[in-house]
Structures are given as C-alpha cells and as structure tokens.
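Dumped my_file03.csv below, it's CSV, C-alpha atoms:
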```csv
chain,number,residue,atom,x,y,z
A,1,MET,CA,17.8,-11.2,47.6
A,2,THR,CA,18.9,-7.8,48.8
A,3,SER,CA,16.6,-4.9,47.7
A,4,LYS,CA,18.3,-2.7,45.2
A,5,SER,CA,18.7,1.1,45.5
A,6,ILE,CA,16.4,3.2,43.4
A,7,PHE,CA,19.6,4.5,41.6
A,8,THR,CA,20.4,0.9,40.6
A,9,LEU,CA,16.8,0.1,39.7
A,10,ALA,CA,16.6,3.1,37.5
A,11,VAL,CA,19.6,1.9,35.5
A,12,HIS,CA,18.7,-1.9,35.3
A,13,ALA,CA,15.0,-2.4,35.8
A,14,GLY,CA,13.3,-3.9,32.8
A,15,GLU,CA,16.5,-4.6,30.8
A,16,ARG,CA,17.8,-7.9,29.7
A,17,GLY,CA,14.6,-9.8,30.3
A,18,PRO,CA,13.9,-13.4,29.2
A,19,ARG,CA,14.2,-14.1,25.5
A,20,PRO,CA,10.8,-14.1,23.8
A,21,ASP,CA,9.4,-17.2,22.1
A,22,PHE,CA,7.8,-15.1,19.4
A,23,THR,CA,9.2,-13.7,16.1
A,24,PRO,CA,8.3,-10.1,15.2
A,25,VAL,CA,6.8,-9.6,11.7
A,26,VAL,CA,9.1,-6.6,11.1
A,27,THR,CA,12.8,-6.7,12.1
A,28,PRO,CA,13.2,-4.6,15.3
A,29,ILE,CA,15.6,-1.7,15.7
A,30,TYR,CA,18.4,-2.9,17.9
A,31,ASN,CA,19.9,0.2,19.3
A,32,SER,CA,22.2,-1.6,21.8
A,33,ILE,CA,25.9,-0.9,21.4
A,34,ALA,CA,27.1,-4.0,23.3
A,35,TYR,CA,25.8,-7.5,24.0
A,36,THR,CA,26.2,-9.9,27.0
A,37,TYR,CA,26.2,-13.8,27.0
A,38,GLU,CA,25.6,-16.4,29.7
A,39,SER,CA,29.3,-17.3,29.8
A,40,MET,CA,32.6,-15.6,29.0
A,41,GLU,CA,33.3,-18.6,26.7
A,42,ASP,CA,30.4,-17.7,24.6
A,43,LEU,CA,31.5,-14.1,24.4
A,44,ASP,CA,35.0,-15.2,23.5
A,45,ALA,CA,33.7,-17.5,20.8
A,46,VAL,CA,31.8,-14.6,19.2
A,47,PHE,CA,34.8,-12.4,19.3
A,48,ALA,CA,36.8,-15.2,17.6
A,49,ARG,CA,34.1,-15.6,14.9
A,50,GLU,CA,33.7,-19.3,16.0
A,51,ARG,CA,30.0,-18.8,16.5
A,52,PRO,CA,27.4,-16.3,15.3
A,53,GLY,CA,26.5,-13.4,17.6
A,54,TYR,CA,27.1,-9.8,18.4
A,55,VAL,CA,29.5,-8.1,20.8
A,56,TYR,CA,29.9,-4.5,19.8
A,57,ALA,CA,28.0,-2.3,17.3
A,58,ARG,CA,31.1,-1.5,15.2
A,59,TYR,CA,31.5,-5.3,14.7
A,60,GLY,CA,27.9,-5.9,13.8
A,61,ASN,CA,24.2,-5.3,14.6
A,62,PRO,CA,21.1,-7.5,14.2
A,63,THR,CA,19.1,-4.8,12.3
A,64,VAL,CA,22.1,-4.1,10.1
A,65,THR,CA,22.6,-7.8,9.4
A,66,ALA,CA,19.0,-8.1,8.3
A,67,LEU,CA,19.5,-5.2,5.8
A,68,GLU,CA,22.7,-6.8,4.5
A,69,LYS,CA,20.9,-10.1,3.9
A,70,ALA,CA,18.1,-8.4,2.1
A,71,ILE,CA,20.3,-6.4,-0.3
A,72,ALA,CA,22.6,-9.4,-0.9
A,73,ALA,CA,19.4,-11.4,-1.9
A,74,LEU,CA,18.3,-8.6,-4.3
A,75,GLU,CA,21.7,-8.5,-6.0
A,76,ASP,CA,21.9,-12.3,-5.9
A,77,GLY,CA,25.2,-12.1,-4.1
A,78,GLU,CA,26.7,-14.1,-1.3
A,79,GLU,CA,27.0,-11.3,1.3
A,80,ALA,CA,26.7,-7.6,1.6
A,81,MET,CA,28.3,-5.0,3.9
A,82,VAL,CA,26.5,-1.7,4.6
A,83,PHE,CA,28.2,1.6,5.3
A,84,ALA,CA,27.3,5.1,6.5
A,85,SER,CA,27.3,6.5,2.9
A,86,GLY,CA,27.8,5.5,-0.7
A,87,MET,CA,31.3,7.2,-0.7
A,88,ALA,CA,32.3,5.1,2.3
A,89,ALA,CA,31.2,2.0,0.4
A,90,ILE,CA,33.3,3.0,-2.7
A,91,HIS,CA,36.3,3.7,-0.5
A,92,ALA,CA,36.0,0.4,1.3
A,93,ALA,CA,35.6,-1.6,-2.0
A,94,LEU,CA,38.8,0.0,-3.4
A,95,LEU,CA,40.7,-0.9,-0.2
A,96,ALA,CA,39.3,-4.4,-0.2
A,97,ALA,CA,40.5,-4.8,-3.8
A,98,LYS,CA,44.0,-3.9,-2.5
A,99,VAL,CA,44.2,-0.5,-4.2
A,100,LYS,CA,47.3,0.9,-2.4
A,101,ALA,CA,50.5,2.9,-3.1
A,102,GLY,CA,52.0,1.8,-6.4
A,103,ALA,CA,48.7,0.4,-7.8
A,104,THR,CA,46.8,1.7,-10.8
A,105,VAL,CA,43.0,2.0,-11.3
A,106,VAL,CA,41.3,2.3,-14.6
A,107,ALA,CA,38.0,4.2,-14.1
A,108,ALA,CA,35.2,5.6,-16.2
A,109,GLN,CA,35.8,9.2,-16.9
A,110,ASP,CA,32.3,10.3,-16.2
A,111,VAL,CA,31.8,8.6,-12.8
A,112,TYR,CA,30.1,10.5,-10.1
A,113,GLY,CA,32.1,13.7,-9.3
A,114,ALA,CA,32.9,12.6,-5.7
A,115,THR,CA,34.2,9.3,-6.9
A,116,TYR,CA,36.3,11.1,-9.5
A,117,ALA,CA,37.7,13.3,-6.8
A,118,LEU,CA,38.3,10.4,-4.4
A,119,LEU,CA,40.5,8.8,-7.1
A,120,SER,CA,42.2,11.9,-8.5
A,121,LYS,CA,42.8,13.6,-5.2
A,122,LEU,CA,42.7,11.3,-2.1
A,123,PHE,CA,44.0,8.1,-3.7
A,124,SER,CA,46.4,10.1,-5.8
A,125,SER,CA,47.9,11.6,-2.7
A,126,LEU,CA,48.4,8.1,-1.3
A,127,GLY,CA,50.4,7.0,-4.4
A,128,VAL,CA,47.7,5.4,-6.5
A,129,ARG,CA,47.5,6.3,-10.2
A,130,THR,CA,44.1,6.5,-12.0
A,131,ARG,CA,43.6,6.4,-15.7
A,132,PHE,CA,40.2,7.7,-16.7
A,133,VAL,CA,38.7,6.3,-19.9
A,134,ASP,CA,35.5,6.5,-21.9
A,135,ILE,CA,33.8,3.3,-20.6
A,136,ALA,CA,31.6,3.1,-23.7
A,137,ASP,CA,34.7,2.9,-26.0
A,138,LEU,CA,35.7,-0.8,-25.5
A,139,THR,CA,38.8,-0.4,-27.6
A,140,ALA,CA,40.0,2.4,-25.4
A,141,VAL,CA,39.1,0.4,-22.3
A,142,GLU,CA,41.0,-2.6,-23.4
A,143,GLN,CA,44.0,-0.5,-24.3
A,144,ALA,CA,44.0,1.2,-20.9
A,145,ILE,CA,43.8,-2.2,-19.1
A,146,VAL,CA,46.6,-3.7,-21.2
A,147,GLU,CA,48.9,-0.8,-20.8
A,148,GLU,CA,48.2,0.0,-17.1
A,149,LYS,CA,47.7,-3.6,-15.7
A,150,PRO,CA,45.4,-2.1,-13.1
A,151,ARG,CA,44.6,-3.5,-9.7
A,152,ALA,CA,41.0,-2.5,-10.2
A,153,VAL,CA,38.6,-1.3,-12.9
A,154,LEU,CA,35.8,0.9,-11.6
A,155,PHE,CA,32.7,2.1,-13.5
A,156,GLU,CA,29.0,2.7,-13.2
A,157,THR,CA,26.3,0.5,-14.9
A,158,VAL,CA,24.7,3.8,-15.9
A,159,SER,CA,26.9,6.8,-15.6
A,160,ASN,CA,26.3,9.9,-13.6
A,161,PRO,CA,25.2,12.3,-15.2
A,162,LEU,CA,25.6,11.4,-18.9
A,163,LEU,CA,23.7,8.1,-18.7
A,164,LYS,CA,26.3,6.1,-20.6
A,165,VAL,CA,25.6,2.3,-20.3
A,166,ALA,CA,28.6,0.1,-19.8
A,167,ASP,CA,28.8,-3.2,-21.5
A,168,THR,CA,29.5,-4.9,-18.2
A,169,PRO,CA,30.2,-8.4,-19.4
A,170,ALA,CA,32.7,-7.2,-22.0
A,171,VAL,CA,34.6,-4.9,-19.5
A,172,VAL,CA,34.7,-7.7,-16.9
A,173,GLU,CA,36.2,-10.1,-19.4
A,174,MET,CA,38.9,-7.7,-20.3
A,175,ALA,CA,39.7,-6.8,-16.7
A,176,HIS,CA,39.8,-10.4,-15.5
A,177,LYS,CA,42.0,-11.5,-18.4
A,178,HIS,CA,44.7,-9.1,-17.1
A,179,GLY,CA,44.2,-9.8,-13.4
A,180,ALA,CA,42.1,-6.8,-12.4
A,181,GLU,CA,39.2,-6.9,-10.0
A,182,VAL,CA,36.0,-5.1,-11.1
A,183,ILE,CA,34.1,-2.6,-8.9
A,184,VAL,CA,30.7,-1.5,-10.3
A,185,ASP,CA,28.5,1.3,-9.0
A,186,ASN,CA,24.9,0.1,-9.6
A,187,THR,CA,23.1,3.0,-8.0
A,188,PHE,CA,21.4,4.4,-11.1
A,189,ALA,CA,20.2,1.0,-12.4
A,190,SER,CA,19.4,-0.7,-9.1
A,191,PRO,CA,19.2,-4.5,-8.9
A,192,TYR,CA,15.8,-4.3,-10.5
A,193,LEU,CA,17.4,-3.4,-13.9
A,194,ILE,CA,20.6,-5.5,-13.7
A,195,GLN,CA,22.5,-7.7,-11.2
A,196,PRO,CA,26.2,-7.1,-12.2
A,197,LEU,CA,27.5,-10.0,-10.1
A,198,ALA,CA,25.8,-12.3,-12.6
A,199,HIS,CA,28.1,-10.9,-15.2
A,200,GLY,CA,31.2,-11.6,-13.3
A,201,VAL,CA,31.7,-8.3,-11.4
A,202,ASP,CA,33.6,-8.7,-8.1
A,203,TYR,CA,32.1,-5.8,-6.1
A,204,VAL,CA,28.8,-4.1,-6.6
A,205,VAL,CA,28.4,-0.8,-4.8
A,206,HIS,CA,25.3,1.3,-4.2
A,207,SER,CA,24.5,4.6,-2.6
A,208,SER,CA,21.6,3.1,-0.7
A,209,THR,CA,20.5,6.7,-0.1
A,210,LYS,CA,19.1,6.6,-3.6
A,211,TYR,CA,16.8,4.0,-5.1
A,212,LEU,CA,17.2,1.3,-2.4
A,213,GLY,CA,16.0,3.7,0.3
A,214,GLY,CA,13.9,5.7,-2.1
A,215,HIS,CA,12.4,8.3,0.2
A,216,SER,CA,15.1,10.9,0.8
A,217,ASP,CA,15.2,10.2,4.5
A,218,VAL,CA,18.2,8.0,5.1
A,219,LEU,CA,21.9,8.1,4.1
A,220,GLY,CA,23.8,4.9,3.4
A,221,GLY,CA,25.9,2.7,1.1
A,222,VAL,CA,26.5,-0.9,0.5
A,223,VAL,CA,29.0,-3.3,-1.1
A,224,VAL,CA,27.8,-6.7,-2.3
A,225,THR,CA,30.5,-9.4,-3.0
A,226,SER,CA,31.6,-12.9,-2.2
A,227,ALA,CA,31.7,-14.2,1.4
A,228,GLN,CA,35.5,-14.3,1.2
A,229,ARG,CA,35.8,-10.7,0.1
A,230,CYS,CA,33.3,-9.7,2.7
A,231,VAL,CA,35.6,-10.9,5.5
A,232,THR,CA,38.1,-8.4,4.3
A,233,LEU,CA,35.5,-5.6,4.2
A,234,ARG,CA,34.3,-6.4,7.8
A,235,GLU,CA,37.9,-6.3,9.1
A,236,LEU,CA,38.4,-2.9,7.3
A,237,THR,CA,35.2,-1.5,8.8
A,238,LYS,CA,36.2,-2.6,12.3
A,239,LEU,CA,39.4,-0.4,11.8
A,240,VAL,CA,37.9,2.5,9.9
A,241,GLY,CA,34.5,2.6,11.5
A,242,GLY,CA,32.3,3.7,8.6
A,243,ASN,CA,29.3,1.7,10.0
A,244,LEU,CA,25.7,2.2,9.2
A,245,GLY,CA,23.5,2.7,12.3
A,246,PRO,CA,20.5,0.5,13.2
A,247,ASN,CA,18.0,3.2,12.7
A,248,GLU,CA,19.3,4.0,9.2
A,249,ALA,CA,19.4,0.3,8.4
A,250,TRP,CA,15.7,-0.1,9.4
A,251,LEU,CA,14.6,2.8,7.3
A,252,THR,CA,16.5,1.5,4.3
A,253,MET,CA,15.0,-1.9,4.8
A,254,ARG,CA,11.6,-0.4,4.8
A,255,GLY,CA,12.3,1.3,1.6
A,256,LEU,CA,13.6,-1.8,-0.1
A,257,LYS,CA,10.2,-3.5,0.2
A,258,THR,CA,8.7,-1.3,-2.5
A,259,LEU,CA,11.8,-1.1,-4.7
A,260,PRO,CA,10.3,-3.2,-7.6
A,261,LEU,CA,7.0,-1.3,-7.5
A,262,ARG,CA,8.8,2.1,-7.5
A,263,MET,CA,11.2,1.1,-10.3
A,264,ILE,CA,8.3,0.1,-12.6
A,265,GLN,CA,6.8,3.6,-12.2
A,266,HIS,CA,10.2,5.3,-12.4
A,267,CYS,CA,11.0,3.6,-15.7
A,268,ARG,CA,7.5,4.2,-17.3
A,269,ASN,CA,7.6,7.8,-16.4
A,270,ALA,CA,11.2,8.4,-17.5
A,271,THR,CA,10.5,6.8,-20.9
A,272,GLN,CA,7.6,9.2,-21.6
A,273,VAL,CA,9.4,12.2,-20.2
A,274,ALA,CA,12.5,11.5,-22.3
A,275,ALA,CA,10.4,11.2,-25.5
A,276,TRP,CA,8.6,14.5,-24.7
A,277,LEU,CA,11.9,16.4,-23.9
A,278,GLN,CA,13.4,15.1,-27.2
A,279,ASP,CA,10.7,16.8,-29.1
A,280,HIS,CA,10.9,20.1,-27.2
A,281,PRO,CA,12.4,23.0,-29.2
A,282,ARG,CA,14.4,24.3,-26.2
A,283,ILE,CA,16.1,21.0,-25.6
A,284,SER,CA,19.2,20.3,-27.7
A,285,ARG,CA,20.1,16.8,-26.4
A,286,VAL,CA,18.5,14.1,-24.2
A,287,ASN,CA,20.5,11.4,-22.6
A,288,TYR,CA,18.3,8.3,-21.8
A,289,PRO,CA,19.2,4.7,-22.6
A,290,GLY,CA,15.5,4.0,-23.5
A,291,LEU,CA,15.7,6.3,-26.6
A,292,ALA,CA,16.4,4.5,-29.8
A,293,ASP,CA,19.2,7.0,-30.8
A,294,HIS,CA,21.0,6.6,-27.5
A,295,PRO,CA,24.6,5.3,-28.3
A,296,GLN,CA,24.2,2.4,-25.9
A,297,HIS,CA,20.5,1.6,-26.4
A,298,GLU,CA,21.4,-1.9,-27.8
A,299,VAL,CA,23.6,-2.6,-24.8
A,300,ALA,CA,20.9,-1.5,-22.3
A,301,THR,CA,18.3,-3.5,-24.1
A,302,ARG,CA,20.5,-6.6,-24.0
A,303,LEU,CA,21.5,-6.2,-20.3
A,304,PHE,CA,18.6,-4.7,-18.5
A,305,ARG,CA,15.2,-6.0,-17.6
A,306,PRO,CA,12.9,-5.9,-20.7
A,307,ASP,CA,11.5,-2.5,-21.4
A,308,CYS,CA,13.1,-1.0,-18.3
A,309,TYR,CA,15.8,1.7,-18.8
A,310,GLY,CA,15.8,3.4,-15.4
A,311,GLY,CA,14.4,6.6,-13.9
A,312,MET,CA,17.4,8.9,-14.7
A,313,ILE,CA,17.6,11.4,-17.6
A,314,SER,CA,19.9,14.3,-18.4
A,315,PHE,CA,19.3,16.9,-21.0
A,316,GLU,CA,20.9,20.1,-22.4
A,317,ILE,CA,18.9,23.3,-22.5
A,318,THR,CA,19.8,25.0,-25.8
A,319,ASP,CA,22.4,27.8,-25.5
A,320,ALA,CA,22.0,27.9,-21.7
A,321,ASP,CA,24.5,29.0,-19.2
A,322,GLN,CA,24.2,28.7,-15.4
A,323,ALA,CA,21.9,31.7,-15.1
A,324,LYS,CA,19.4,30.3,-17.6
A,325,VAL,CA,19.5,26.8,-16.1
A,326,PHE,CA,18.9,28.3,-12.6
A,327,ALA,CA,15.9,30.3,-14.0
A,328,PHE,CA,14.4,27.1,-15.3
A,329,MET,CA,15.0,25.2,-12.1
A,330,GLU,CA,13.4,28.1,-10.0
A,331,ALA,CA,10.4,28.1,-12.3
A,332,LEU,CA,9.6,24.5,-11.5
A,333,GLN,CA,6.6,24.0,-9.1
A,334,LEU,CA,6.2,20.3,-8.7
A,335,VAL,CA,9.7,19.1,-9.5
A,336,LEU,CA,12.2,19.8,-6.7
A,337,ALA,CA,15.7,21.2,-7.1
A,338,ALA,CA,17.6,19.0,-4.7
A,339,THR,CA,21.0,17.3,-4.5
A,340,THR,CA,20.0,13.7,-4.6
A,341,LEU,CA,18.2,11.2,-6.8
A,342,GLY,CA,16.2,8.0,-6.9
A,343,ASP,CA,13.4,9.3,-4.7
A,344,VAL,CA,9.7,9.0,-5.0
A,345,TYR,CA,9.8,12.8,-5.8
A,346,SER,CA,10.9,14.2,-9.2
A,347,LEU,CA,14.2,16.0,-8.7
A,348,VAL,CA,16.5,18.2,-10.8
A,349,LEU,CA,20.2,19.0,-10.2
A,350,TYR,CA,22.8,21.1,-12.0
A,351,PRO,CA,25.9,18.9,-12.2
A,352,ALA,CA,28.3,21.8,-12.8
A,353,HIS,CA,27.7,23.2,-9.4
A,354,SER,CA,26.7,20.1,-7.3
A,355,SER,CA,27.6,16.5,-8.2
A,356,HIS,CA,30.6,17.6,-10.3
A,357,ARG,CA,31.5,20.8,-8.6
A,358,ALA,CA,34.8,19.3,-7.4
A,359,LEU,CA,36.0,19.1,-11.1
A,360,THR,CA,37.5,22.0,-12.9
A,361,PRO,CA,35.5,23.6,-15.8
A,362,GLU,CA,38.1,22.0,-18.1
A,363,GLU,CA,37.6,18.6,-16.6
A,364,ARG,CA,33.9,18.9,-16.9
A,365,ALA,CA,34.1,20.0,-20.5
A,366,GLN,CA,36.4,17.1,-21.3
A,367,ILE,CA,33.9,14.6,-19.9
A,368,GLY,CA,31.0,16.3,-21.7
A,369,ILE,CA,29.2,18.1,-18.9
A,370,GLY,CA,28.2,21.4,-20.4
A,371,GLU,CA,26.9,24.6,-18.9
A,372,GLY,CA,23.4,23.8,-20.0
A,373,LEU,CA,23.2,20.2,-18.7
A,374,VAL,CA,20.5,19.3,-16.2
A,375,ARG,CA,20.2,15.9,-14.4
A,376,PHE,CA,16.6,14.8,-13.9
A,377,SER,CA,15.6,12.0,-11.5
A,378,VAL,CA,12.0,11.2,-12.6
A,379,GLY,CA,9.8,10.4,-9.7
A,380,ILE,CA,6.6,8.3,-9.3
A,381,GLU,CA,4.1,11.1,-9.6
A,382,ASP,CA,1.6,11.1,-12.5
A,383,VAL,CA,3.6,11.6,-15.6
A,384,GLU,CA,1.3,14.2,-17.1
A,385,ASP,CA,1.8,16.4,-14.0
A,386,ILE,CA,5.6,16.0,-14.4
A,387,ILE,CA,5.5,17.0,-18.1
A,388,ALA,CA,3.2,19.9,-17.4
A,389,ASP,CA,5.6,21.3,-14.8
A,390,LEU,CA,8.5,20.9,-17.2
A,391,GLU,CA,6.6,22.6,-19.9
A,392,GLN,CA,5.6,25.7,-17.9
A,393,ALA,CA,9.1,26.0,-16.4
A,394,LEU,CA,10.7,25.9,-19.9
A,395,GLU,CA,8.2,28.5,-21.1
A,396,ARG,CA,8.6,30.8,-18.1
A,397,SER,CA,12.4,30.7,-18.2
A,398,LYS,CA,12.8,31.6,-21.9
```
How does the structure come out when it is put into structure tokens?
Amino acid sequence: MTSKSIFTLAVHAGERGPRPDFTPVVTPIYNSIAYTYESMEDLDAVFARERPGYVYARYGNPTVTALEKAIAALEDGEEAMVFASGMAAIHAALLAAKVKAGATVVAAQDVYGATYALLSKLFSSLGVRTRFVDIADLTAVEQAIVEEKPRAVLFETVSNPLLKVADTPAVVEMAHKHGAEVIVDNTFASPYLIQPLAHGVDYVVHSSTKYLGGHSDVLGGVVVTSAQRCVTLRELTKLVGGNLGPNEAWLTMRGLKTLPLRMIQHCRNATQVAAWLQDHPRISRVNYPGLADHPQHEVATRLFRPDCYGGMISFEITDADQAKVFAFMEALQLVLAATTLGDVYSLVLYPAHSSHRALTPEERAQIGIGEGLVRFSVGIEDVEDIIADLEQALERSK
C-alpha cells in the first residue's frame, strides 16, 4: 500500500475504524453530519427507508433518535420527533395536521404568547383562521367546534400563564366528533403529571427547554404522536430543517433522567408556596390547580397524578403596575428573574413584557393577564428558603 501524504493522513487518520463490540452505558454524541456504508446498495436502501440507518444529519442522527425514543416512552407514544425549539415543534404539528390556507383552528385564548402570535399573525397571513376560546368553558368550546368545523383544536394541559386546566378527554371527544385533530402542549404539566395521548390526543408538544431538560442549558422542542403521523413530521423536517442537534439532544436526554425526581420536588414546593401566597396581604389572587378554590381543581385532581399539581404558579400583586412588579422582582435575592420556566432554579417572569409581549394591552386584558400578574416557576430549592425570599421581596417593594 502506497504511503499517504501527511496532508491526507491529517484528514483521515483514526477515522472510520472498526465497529466496536461493546455498548457504551451512556448514548454517545454523534456529531457526524454524514454516514458511509460498505456498499452503495446499503446507502440507497437507507435513503429509501427500506432499512434503518443514517445518511445525513437533517434526515436523522443516532443521538437524536435515542432522545426521541426516550421521550416517546415517557409520553407512552409510538414515536417522537424533536426540534430546535418548542415553537418549531408547535409549527410542525400544525402543518402535519394539515392546517393550511382555508382551514380553521380553534385554540385556547390564553395559550403561550408566541403560540398566540403564531396563529394570529403568521398563520393568519397564510389564510388560516383561528377562533380563540376559553378552554375551561366546555360549552363555548363545543359551540366553537360545531360552528367552525376546525382542522385542528390546540390547547395546553395547563395554560400559560393563568394555570387553567383543560378537561382534555372532554375536549378530545368534541373535536374528534367533528373531524378535528387535537394538538396539546404538555410543557407545564410534563408527562409526569399527565400523558395526553392516553386521553385520545393526536399530537403532544413540549418545549423540551423546560421541564424535560430542566437545567436552563439547552433549547429544544418535541412532538409525540403515532408512527404514521411521525412519517409526515419527518418529511416536513427534511424540507424545513428545524432539526435538533446531537449535542442538544444529549443534554436533554441527560436532563430527562431526573424528571420524575425533580417533578416530585417541584410539586411539593409549589403546593406550599401557593398556600403561603394565598394568605399574604399583598397578593390578591393566586392561580394554582392544587388550591381547593381553583376553578379546575376537580379536573386537575381527576386527570393528574395523585397529589401532584405541577410546579407553576401565577399571582396578582394587589394594585400593582409594571413599576411595582419590577420593584418586587428586583428585590428578590434567591429567585431569579428570567424568561424561562421548568428549571431547578426558582424563576419569576412578568408576562405583560415577556411571554405575552406580542399581544396588545387590550388582548392581554381580554385574556385576563393584568398589570400586576407574575408567573412563578417554583424550583427544587428548600421551600422555606423560597418563601423567605418572597416574603422579604414583598416587604421591601411595598
């Protein structure tokens, strides 16, 4: 064999060695963009989906596949498809449900602000009509579905940021009766609280940036659905290219391993924090499904894991405007003011200027997002330390 030039050796030496006969305990990070096979027939068969394998990173990646299998298992679904962000996942689910020009969507009126804007601005400009409805009002939901005959019904298991809990089985029954597919964002609840596919939902979406990843270090999204629908999602992703990278997939998979443990602590802490806030003289309203006076407490108790109501709270500071809310947030010492949720850290956010900034003041008021509303993602710290920080911040910001 002719000796290779140092230029050639620098490029190829050490690569594409023999396949190992061992199995790593942890899924490796496959950063390769492309893959080779012993014969062109094998490569062609993978392209044709006649045999499993990988050819190009936009079509699939072993690390990404491992994450997809893990999330599908947690949601008790047939398959999952991961994306570069939660918004990319929502967008893909709508497209897979054949939401296109001339179609109508019925959506919860207090969905995440970016989802609201996606429907009311982007999809509207493409000829899609959206009717927003109070998802907790089943009479109004059924009326909207009957009148609109939508292609899809979209809502959140627990709404962002007002913490309304959807009666998922009831809405699914209404939607399917009139030929609509159901897309549910399960980010706030996580599969630890509820698995919407078990209630007949067609597409379950997560911002995996939140509870699934759990550590505020990786952006991503996921859609869990049937194997047949996932074929459509994969073809869409090949064209649109909203893929999740292998490094992000690996980080998310690492976070998944402690999801149940974290959710136990999130739920315990949030229950105690909500009860404490409810008794505080500066707080006029607390939204938390675990409180007995929450409008959908019975629904949450029926659908969620026993004694688990999630780690998200929102509350109104009495007679507060933006300046007063900002003063409270700046006075916090342990709890962080940051535009995310579902992390090990406790986090506060002002919906009017962040998650729902894309909405007009009139739209926010109609939904019920007031000037004094604070969204609180309760972390896994010691609950007494969390409460002490809230107490001193409310006192200092009077």
Would you list the contacts of Arg129 (chain A) as a VMD selection string, taking every protein, DNA or RNA residue within 8 Å and counting all atoms listed in the file, but skipping same-chain residues closer than 6 positions in sequence? chain A and resid 102 to 105 120 123
So how many Å separate CA of Ala331 (chain A) and CA of Ile369 (chain A), to one decimal?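 Atom-to-atom, CA of Ala331 (chain A) to CA of Ile369 (chain A), that is 22.3 Å.
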Could you check the closest approach to Arg49 (chain A) for each of A:Ala327, A:Ile6, A:Val231, A:Ala73 and tell me which residue wins, using all atoms listed in the file?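 Under the stated criterion, the closest residue is A:Val231.
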For Ala198 (chain A), the closest of A:Ala13, A:Leu74, A:Ala101, A:Leu349 counting only C-alpha atoms is A:Leu74
I'd like to know which of A:Arg302, A:Arg282, A:Ala337, A:Asp167 is closest to Gly372 (chain A), using only C-alpha atoms.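 Closest to Gly372 (chain A) of all the choices is A:Arg282.
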Shell around region 131-138 of chain A at 6 Å using all atoms listed in the file, local window under 4 positions removed, as a ChimeraX atom specification: /A:106-109,142,166
Find the residues with any atom within 8 Å of (11.4, 1.5, -0.1); use all atoms listed in the file and the coordinates as given in the file, and write the answer as a ChimeraX atom specification. /A:211-215,252-259,262
Find, counting only C-alpha atoms, the residue in A:Asp185, A:Asp321, A:Glu248, A:Asp389 that gets nearest to His353 (chain A).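 Ranked by minimum distance to His353 (chain A), first place goes to A:Asp321.
Of note, CA of Gln322 (chain A) and CA of Leu394 (chain A) are spaced 14.5 Å apart.
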List the spatial neighbours of Ala88 (chain A) as number ranges by chain - criterion: any atom at most 10 Å away, only C-alpha atoms, same-chain residues fewer than 6 positions off excluded. A: 82, 207, 220-223, 237, 240-244
A:Ile264, A:Met312, A:Ala320, A:Leu94 ranked by distance to Ile380 (chain A), top pick (using only C-alpha atoms):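 Among the listed residues, the smallest separation from Ile380 (chain A) belongs to A:Ile264.
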Straight-line distance linking CA of Val146 (chain A) with CA of Val182 (chain A), stated in Å to one decimal: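 Taking CA of Val146 (chain A) and CA of Val182 (chain A), their separation equals 14.7 Å.
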With all atoms listed in the file as the basis for distance, which of A:Ser124, A:Ser190, A:Ser208, A:Gln278 is at the shortest distance from Leu67 (chain A)?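 Of A:Ser124, A:Ser190, A:Ser208, A:Gln278, the one nearest Leu67 (chain A) is A:Ser208, counting all atoms listed in the file.
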Can you list, as a ChimeraX atom specification, every protein, DNA or RNA residue that comes within 12 Å of Lys398 (chain A) when you count only C-alpha atoms, leaving out same-chain residues fewer than 3 positions away? /A:281-283,317-320,323-329,331,391-395
Just give me the residues with any atom within 7 Å of (28.0, -6.0, 20.6), file coordinates, counting all atoms listed in the file, written as a ChimeraX atom specification. /A:33-35,54-57,59-60
What's the 10 Å shell around Val204 (chain A), counting all atoms listed in the file, without same-chain residues fewer than 3 positions away, as number ranges by chain? A: 72, 75, 77, 80, 89-90, 93, 154, 156-157, 182-187, 191, 195-197, 201, 222-225
Filtering to C-alpha atoms, could region 114-151 of chain A of the supplied structure be written out as a PDB file, in the first residue's frame?
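Wrote decode.pdb, looks like this:
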```
ATOM      1  CA  ALA A 114     -45.714  33.144  20.952  1.00  0.00           C
ATOM      2  CA  THR A 115     -48.234  30.413  20.075  1.00  0.00           C
ATOM      3  CA  TYR A 116     -50.987  33.030  20.050  1.00  0.00           C
ATOM      4  CA  ALA A 117     -48.890  35.215  17.733  1.00  0.00           C
ATOM      5  CA  LEU A 118     -48.001  32.234  15.508  1.00  0.00           C
ATOM      6  CA  LEU A 119     -51.691  31.613  14.896  1.00  0.00           C
ATOM      7  CA  SER A 120     -52.996  35.186  14.837  1.00  0.00           C
ATOM      8  CA  LYS A 121     -50.166  36.636  12.751  1.00  0.00           C
ATOM      9  CA  LEU A 122     -48.173  34.056  10.729  1.00  0.00           C
ATOM     10  CA  PHE A 123     -50.899  31.508  10.029  1.00  0.00           C
ATOM     11  CA  SER A 124     -53.427  34.283   9.554  1.00  0.00           C
ATOM     12  CA  SER A 125     -51.230  35.790   6.829  1.00  0.00           C
ATOM     13  CA  LEU A 126     -51.235  32.376   5.130  1.00  0.00           C
ATOM     14  CA  GLY A 127     -55.026  32.204   5.000  1.00  0.00           C
ATOM     15  CA  VAL A 128     -55.706  30.254   8.205  1.00  0.00           C
ATOM     16  CA  ARG A 129     -58.444  31.500  10.519  1.00  0.00           C
ATOM     17  CA  THR A 130     -58.169  30.973  14.290  1.00  0.00           C
ATOM     18  CA  ARG A 131     -61.010  31.236  16.764  1.00  0.00           C
ATOM     19  CA  PHE A 132     -59.782  31.688  20.310  1.00  0.00           C
ATOM     20  CA  VAL A 133     -61.974  30.361  23.107  1.00  0.00           C
ATOM     21  CA  ASP A 134     -61.882  29.873  26.877  1.00  0.00           C
ATOM     22  CA  ILE A 135     -60.775  26.240  27.035  1.00  0.00           C
ATOM     23  CA  ALA A 136     -62.247  25.865  30.524  1.00  0.00           C
ATOM     24  CA  ASP A 137     -65.732  26.725  29.211  1.00  0.00           C
ATOM     25  CA  LEU A 138     -66.745  23.427  27.593  1.00  0.00           C
ATOM     26  CA  THR A 139     -69.996  24.879  26.281  1.00  0.00           C
ATOM     27  CA  ALA A 140     -68.090  27.624  24.458  1.00  0.00           C
ATOM     28  CA  VAL A 141     -65.526  25.106  23.194  1.00  0.00           C
ATOM     29  CA  GLU A 142     -68.196  22.827  21.750  1.00  0.00           C
ATOM     30  CA  GLN A 143     -70.006  25.765  20.158  1.00  0.00           C
ATOM     31  CA  ALA A 144     -66.786  26.945  18.501  1.00  0.00           C
ATOM     32  CA  ILE A 145     -66.016  23.445  17.191  1.00  0.00           C
ATOM     33  CA  VAL A 146     -69.547  22.960  15.838  1.00  0.00           C
ATOM     34  CA  GLU A 147     -69.621  26.376  14.162  1.00  0.00           C
ATOM     35  CA  GLU A 148     -66.071  26.448  12.807  1.00  0.00           C
ATOM     36  CA  LYS A 149     -65.541  22.776  11.881  1.00  0.00           C
ATOM     37  CA  PRO A 150     -61.816  23.276  12.526  1.00  0.00           C
ATOM     38  CA  ARG A 151     -58.963  21.277  11.079  1.00  0.00           C
TER      39      ARG A 151
END
```
